[in-house]
file coords_0.cif (mmCIF, C-alpha atoms and all ligand atoms)
data_data
loop_
_atom_site.label_atom_id
_atom_site.label_comp_id
_atom_site.auth_asym_id
_atom_site.auth_seq_id
_atom_site.Cartn_x
_atom_site.Cartn_y
_atom_site.Cartn_z
CA MET L 1 -9.24 -31.29 17.69
CA TYR L 2 -8.39 -34.92 16.90
CA ASP L 3 -4.71 -35.71 16.24
CA ASP L 4 -4.55 -38.19 13.34
CA ASN L 5 -1.03 -39.19 14.35
CA ASN L 6 -1.80 -40.30 17.90
CA ILE L 7 -0.58 -43.80 18.68
CA PHE L 8 -4.04 -45.42 18.69
CA ALA L 9 -4.91 -43.86 15.33
CA ARG L 10 -1.72 -45.47 14.02
CA ILE L 11 -2.68 -48.84 15.55
CA LEU L 12 -6.12 -48.55 13.90
CA ARG L 13 -4.45 -47.88 10.54
CA GLY L 14 -2.23 -50.95 11.02
CA GLU L 15 0.96 -48.86 11.09
CA ILE L 16 1.86 -50.12 14.57
CA PRO L 17 1.16 -53.69 15.75
CA CYS L 18 -0.98 -54.57 18.74
CA LYS L 19 -1.98 -57.75 20.57
CA LYS L 20 -5.60 -57.82 19.48
CA ILE L 21 -8.21 -59.22 21.84
CA PHE L 22 -11.42 -58.33 20.04
CA GLU L 23 -12.63 -56.36 17.04
CA ASP L 24 -15.94 -55.49 15.45
CA SER L 25 -16.97 -52.84 12.94
CA HIS L 26 -16.91 -50.03 15.53
CA THR L 27 -14.43 -51.15 18.18
CA LEU L 28 -10.93 -52.54 18.72
CA ALA L 29 -9.52 -54.02 21.93
CA PHE L 30 -5.88 -54.92 22.58
CA ASP L 31 -3.42 -55.49 25.42
CA ASP L 32 -1.78 -52.43 26.94
CA ILE L 33 1.92 -52.28 26.04
CA ASN L 34 2.87 -51.41 29.63
CA PRO L 35 0.48 -53.42 31.82
CA GLN L 36 -0.33 -52.06 35.27
CA ALA L 37 -2.09 -55.29 36.35
CA PRO L 38 -1.92 -58.97 35.26
CA VAL L 39 -4.78 -58.14 32.88
CA HIS L 40 -4.61 -54.70 31.31
CA ALA L 41 -6.62 -54.29 28.14
CA LEU L 42 -7.61 -51.21 26.16
CA VAL L 43 -10.94 -50.84 24.37
CA ILE L 44 -11.20 -48.06 21.78
CA PRO L 45 -13.76 -46.86 19.27
CA LYS L 46 -12.60 -46.95 15.65
CA GLY L 47 -13.98 -43.45 15.12
CA LYS L 48 -11.95 -40.30 15.74
CA TYR L 49 -12.98 -39.34 19.27
CA VAL L 50 -10.68 -37.74 21.83
CA SER L 51 -12.80 -38.14 24.95
CA MET L 52 -16.14 -39.22 26.34
CA LYS L 53 -17.46 -35.70 25.75
CA ASP L 54 -16.51 -35.95 22.10
CA PHE L 55 -17.86 -39.50 21.85
CA THR L 56 -21.22 -38.92 23.50
CA GLU L 57 -21.80 -35.74 21.48
CA LYS L 58 -20.83 -37.15 18.08
CA ALA L 59 -20.92 -40.96 18.02
CA SER L 60 -23.90 -42.92 16.73
CA ASP L 61 -25.99 -45.07 19.04
CA ALA L 62 -24.51 -48.12 17.29
CA GLU L 63 -20.95 -47.00 18.07
CA MET L 64 -21.83 -46.35 21.70
CA ALA L 65 -23.57 -49.70 22.07
CA ALA L 66 -20.65 -51.51 20.42
CA LEU L 67 -18.09 -49.92 22.75
CA THR L 68 -20.09 -50.75 25.85
CA ARG L 69 -20.64 -54.32 24.73
CA ALA L 70 -16.97 -54.69 23.82
CA ILE L 71 -15.94 -53.82 27.37
CA GLY L 72 -18.06 -56.67 28.73
CA LYS L 73 -16.84 -59.01 26.01
CA VAL L 74 -13.17 -58.23 26.64
CA ALA L 75 -13.59 -58.82 30.39
CA GLU L 76 -14.97 -62.24 29.49
CA LEU L 77 -12.25 -63.01 26.90
CA LYS L 78 -9.50 -62.01 29.36
CA GLY L 79 -10.99 -64.30 32.06
CA VAL L 80 -11.82 -61.62 34.63
CA LYS L 81 -15.59 -61.54 34.26
CA GLU L 82 -16.15 -63.57 37.43
CA SER L 83 -13.10 -62.57 39.49
CA GLY L 84 -13.69 -58.85 38.99
CA TYR L 85 -12.12 -55.99 37.13
CA ARG L 86 -11.95 -52.22 36.91
CA VAL L 87 -12.90 -50.06 33.92
CA LEU L 88 -11.30 -46.64 33.71
CA ALA L 89 -11.15 -43.86 31.14
CA ASN L 90 -8.82 -40.92 31.63
CA ALA L 91 -9.88 -37.61 30.09
CA GLY L 92 -7.78 -34.49 29.92
CA VAL L 93 -4.91 -33.07 31.90
CA ASN L 94 -6.10 -33.71 35.46
CA ALA L 95 -6.65 -37.39 34.68
CA HIS L 96 -3.25 -37.71 32.93
CA GLN L 97 -4.73 -38.81 29.60
CA GLU L 98 -1.63 -39.61 27.54
CA VAL L 99 -3.19 -40.77 24.29
CA PRO L 100 -5.75 -38.36 22.81
CA HIS L 101 -8.04 -41.06 21.41
CA LEU L 102 -10.86 -42.24 23.69
CA HIS L 103 -9.93 -45.50 25.41
CA PHE L 104 -11.17 -47.60 28.28
CA HIS L 105 -8.67 -49.47 30.40
CA ILE L 106 -9.75 -52.84 31.80
CA PHE L 107 -7.65 -53.94 34.77
CA GLY L 108 -7.92 -57.31 36.51
CA GLY L 109 -6.28 -60.59 37.39
CA ALA L 110 -5.38 -59.53 40.95
CA ALA L 111 -6.71 -57.44 43.82
CA LEU L 112 -6.49 -53.91 42.46
CA GLY L 113 -6.34 -51.89 45.65
CA PRO L 114 -8.01 -48.52 46.18
CA MET L 115 -9.58 -46.69 43.26
CA LEU L 116 -7.32 -43.65 43.66
CA VAL L 117 -3.98 -43.08 45.37
CA LYS L 118 -4.75 -41.77 48.84
CA LYS L 119 -3.32 -38.34 49.55
P1 LIG Q 1 -3.86 -42.94 29.25
O1 LIG Q 1 -2.86 -42.41 30.24
O2 LIG Q 1 -3.95 -42.07 28.04
O3 LIG Q 1 -5.20 -43.22 29.88
O4 LIG Q 1 -3.33 -44.37 28.81
C1 LIG Q 1 -2.64 -44.63 27.65
C2 LIG Q 1 -2.24 -46.08 27.68
O5 LIG Q 1 -1.80 -46.45 26.39
C3 LIG Q 1 -1.11 -46.40 28.65
O6 LIG Q 1 -1.54 -47.38 29.59
C4 LIG Q 1 0.00 -46.91 27.74
O7 LIG Q 1 0.76 -47.96 28.31
C5 LIG Q 1 -0.75 -47.37 26.51
N1 LIG Q 1 0.03 -47.31 25.29
C6 LIG Q 1 0.79 -46.26 24.85
N2 LIG Q 1 1.36 -46.56 23.67
C7 LIG Q 1 0.94 -47.81 23.34
C8 LIG Q 1 1.19 -48.66 22.23
O8 LIG Q 1 1.92 -48.34 21.29
N3 LIG Q 1 0.58 -49.89 22.24
C9 LIG Q 1 -0.24 -50.28 23.25
N4 LIG Q 1 -0.77 -51.50 23.16
N5 LIG Q 1 -0.50 -49.50 24.32
C10 LIG Q 1 0.09 -48.28 24.36
#

call {"tool": "encode", "arguments": {"input": "coords_0.cif", "output": "structure tokens"}}
result
Amino acid sequence: MYDDNNIFARILRGEIPCKKIFEDSHTLAFDDINPQAPVHALVIPKGKYVSMKDFTEKASDAEMAALTRAIGKVAELKGVKESGYRVLANAGVNAHQEVPHLHFHIFGGAALGPMLVKK
């Protein structure tokens, strides 16, 4: 069930500001408010999707293509295309997804270390 009052839904409605990086008819990208790397961007679909499961089951091919292209575009716009970056999407409780609207993090601008915290 999609929560219409989640923070990214409110950003999409213009109720909360964001530092926009890129936008097209299906996708919005903006800087994360609490960056975990020198570059930390978020890429979200404009449609109401909670997770990748939701998105891949319900989104149109055009929405999926736009989101994928936006990730590459944002890496370029943020200047990390050549130096390298990490794309990550948290889904559900085990991944600590905080905002229940599908989003891809793009991290870069420095060496990012291991993919997961070693136990
Ligand atoms: P998650 O844990 O769900 O994968 O990540 C949610 C991300 O959204 C976090 O990195 C958090 O800093 C970011 N975030 C939460 N609230 C806001 C906000 O109001 N504006 C922006 N730009 N980012 C937010």

call {"tool": "closest_residue", "arguments": {"input": "coords_0.cif", "among": "L:Val99, L:Leu42, L:Val87, L:Met64", "to": "Leu112 (chain L)", "atoms": "all atoms listed in the file"}}
result
L:Val87

call {"tool": "closest_atom_pairs", "arguments": {"input": "coords_0.cif", "of": "chain L", "to": "ligand LIG 1 (chain Q)", "cutoff": "12 Å", "atoms": "only C-alpha atoms and all ligand atoms", "output": "Markdown table"}}
result
| residue | atom | partner | partner_atom | distance |
| --- | --- | --- | --- | --- |
| L:Asn5 | CA | Q:LIG1 | O8 | 11.9 |
| L:Asn6 | CA | Q:LIG1 | N2 | 9.1 |
| L:Ile7 | CA | Q:LIG1 | O8 | 5.8 |
| L:Phe8 | CA | Q:LIG1 | C8 | 7.1 |
| L:Ala9 | CA | Q:LIG1 | O8 | 10.1 |
| L:Arg10 | CA | Q:LIG1 | O8 | 8.6 |
| L:Ile11 | CA | Q:LIG1 | O8 | 7.4 |
| L:Leu12 | CA | Q:LIG1 | N3 | 10.8 |
| L:Gly14 | CA | Q:LIG1 | O8 | 11.4 |
| L:Glu15 | CA | Q:LIG1 | O8 | 10.3 |
| L:Ile16 | CA | Q:LIG1 | O8 | 7.0 |
| L:Pro17 | CA | Q:LIG1 | N3 | 7.5 |
| L:Cys18 | CA | Q:LIG1 | N4 | 5.4 |
| L:Lys19 | CA | Q:LIG1 | N4 | 6.9 |
| L:Lys20 | CA | Q:LIG1 | N4 | 8.8 |
| L:Ile21 | CA | Q:LIG1 | N4 | 10.8 |
| L:Leu28 | CA | Q:LIG1 | N4 | 11.1 |
| L:Ala29 | CA | Q:LIG1 | N4 | 9.2 |
| L:Phe30 | CA | Q:LIG1 | N4 | 6.2 |
| L:Asp31 | CA | Q:LIG1 | N4 | 5.3 |
| L:Asp32 | CA | Q:LIG1 | N4 | 4.0 |
| L:Ile33 | CA | Q:LIG1 | N4 | 4.0 |
| L:Asn34 | CA | Q:LIG1 | O7 | 4.3 |
| L:Pro35 | CA | Q:LIG1 | O7 | 6.5 |
| L:Gln36 | CA | Q:LIG1 | O6 | 7.5 |
| L:Ala37 | CA | Q:LIG1 | O6 | 10.4 |
| L:Val39 | CA | Q:LIG1 | O6 | 11.7 |
| L:His40 | CA | Q:LIG1 | O6 | 8.1 |
| L:Ala41 | CA | Q:LIG1 | N4 | 8.2 |
| L:Leu42 | CA | Q:LIG1 | N4 | 7.5 |
| L:Val43 | CA | Q:LIG1 | N4 | 10.3 |
| L:Ile44 | CA | Q:LIG1 | O5 | 10.6 |
| L:Val50 | CA | Q:LIG1 | O2 | 10.1 |
| L:Ser51 | CA | Q:LIG1 | O2 | 10.2 |
| L:Val87 | CA | Q:LIG1 | O3 | 11.1 |
| L:Leu88 | CA | Q:LIG1 | O3 | 8.0 |
| L:Ala89 | CA | Q:LIG1 | O3 | 6.1 |
| L:Asn90 | CA | Q:LIG1 | O3 | 4.6 |
| L:Ala91 | CA | Q:LIG1 | O3 | 7.3 |
| L:Gly92 | CA | Q:LIG1 | O2 | 8.7 |
| L:Val93 | CA | Q:LIG1 | O1 | 9.7 |
| L:Asn94 | CA | Q:LIG1 | O1 | 10.7 |
| L:Ala95 | CA | Q:LIG1 | O3 | 7.7 |
| L:His96 | CA | Q:LIG1 | O1 | 5.4 |
| L:Gln97 | CA | Q:LIG1 | O2 | 3.7 |
| L:Glu98 | CA | Q:LIG1 | O2 | 3.4 |
| L:Val99 | CA | Q:LIG1 | O2 | 4.0 |
| L:Pro100 | CA | Q:LIG1 | O2 | 6.7 |
| L:His101 | CA | Q:LIG1 | O2 | 7.9 |
| L:Leu102 | CA | Q:LIG1 | O2 | 8.2 |
| L:His103 | CA | Q:LIG1 | O3 | 6.9 |
| L:Phe104 | CA | Q:LIG1 | O3 | 7.6 |
| L:His105 | CA | Q:LIG1 | O3 | 7.2 |
| L:Ile106 | CA | Q:LIG1 | O6 | 10.1 |
| L:Phe107 | CA | Q:LIG1 | O6 | 10.4 |

call {"tool": "atom_distance", "arguments": {"input": "coords_0.cif", "atom1": "CA of Thr56 (chain L)", "atom2": "CA of His26 (chain L)"}}
result
14.3 Å

call {"tool": "closest_residue", "arguments": {"input": "coords_0.cif", "among": "L:Lys118, L:Ala111, L:Met52, L:Thr68", "to": "Arg86 (chain L)", "atoms": "only C-alpha atoms"}}
result
L:Ala111

call {"tool": "closest_residue", "arguments": {"input": "coords_0.cif", "among": "L:Thr27, L:Gly108, L:Val80, L:Arg13", "to": "Ala62 (chain L)", "atoms": "all atoms listed in the file"}}
result
L:Thr27

call {"tool": "atom_distance", "arguments": {"input": "coords_0.cif", "atom1": "CA of Tyr85 (chain L)", "atom2": "CA of Glu23 (chain L)"}}
result
20.1 Å

call {"tool": "atom_distance", "arguments": {"input": "coords_0.cif", "atom1": "CA of Gly109 (chain L)", "atom2": "CA of Gly79 (chain L)"}}
result
8.0 Å
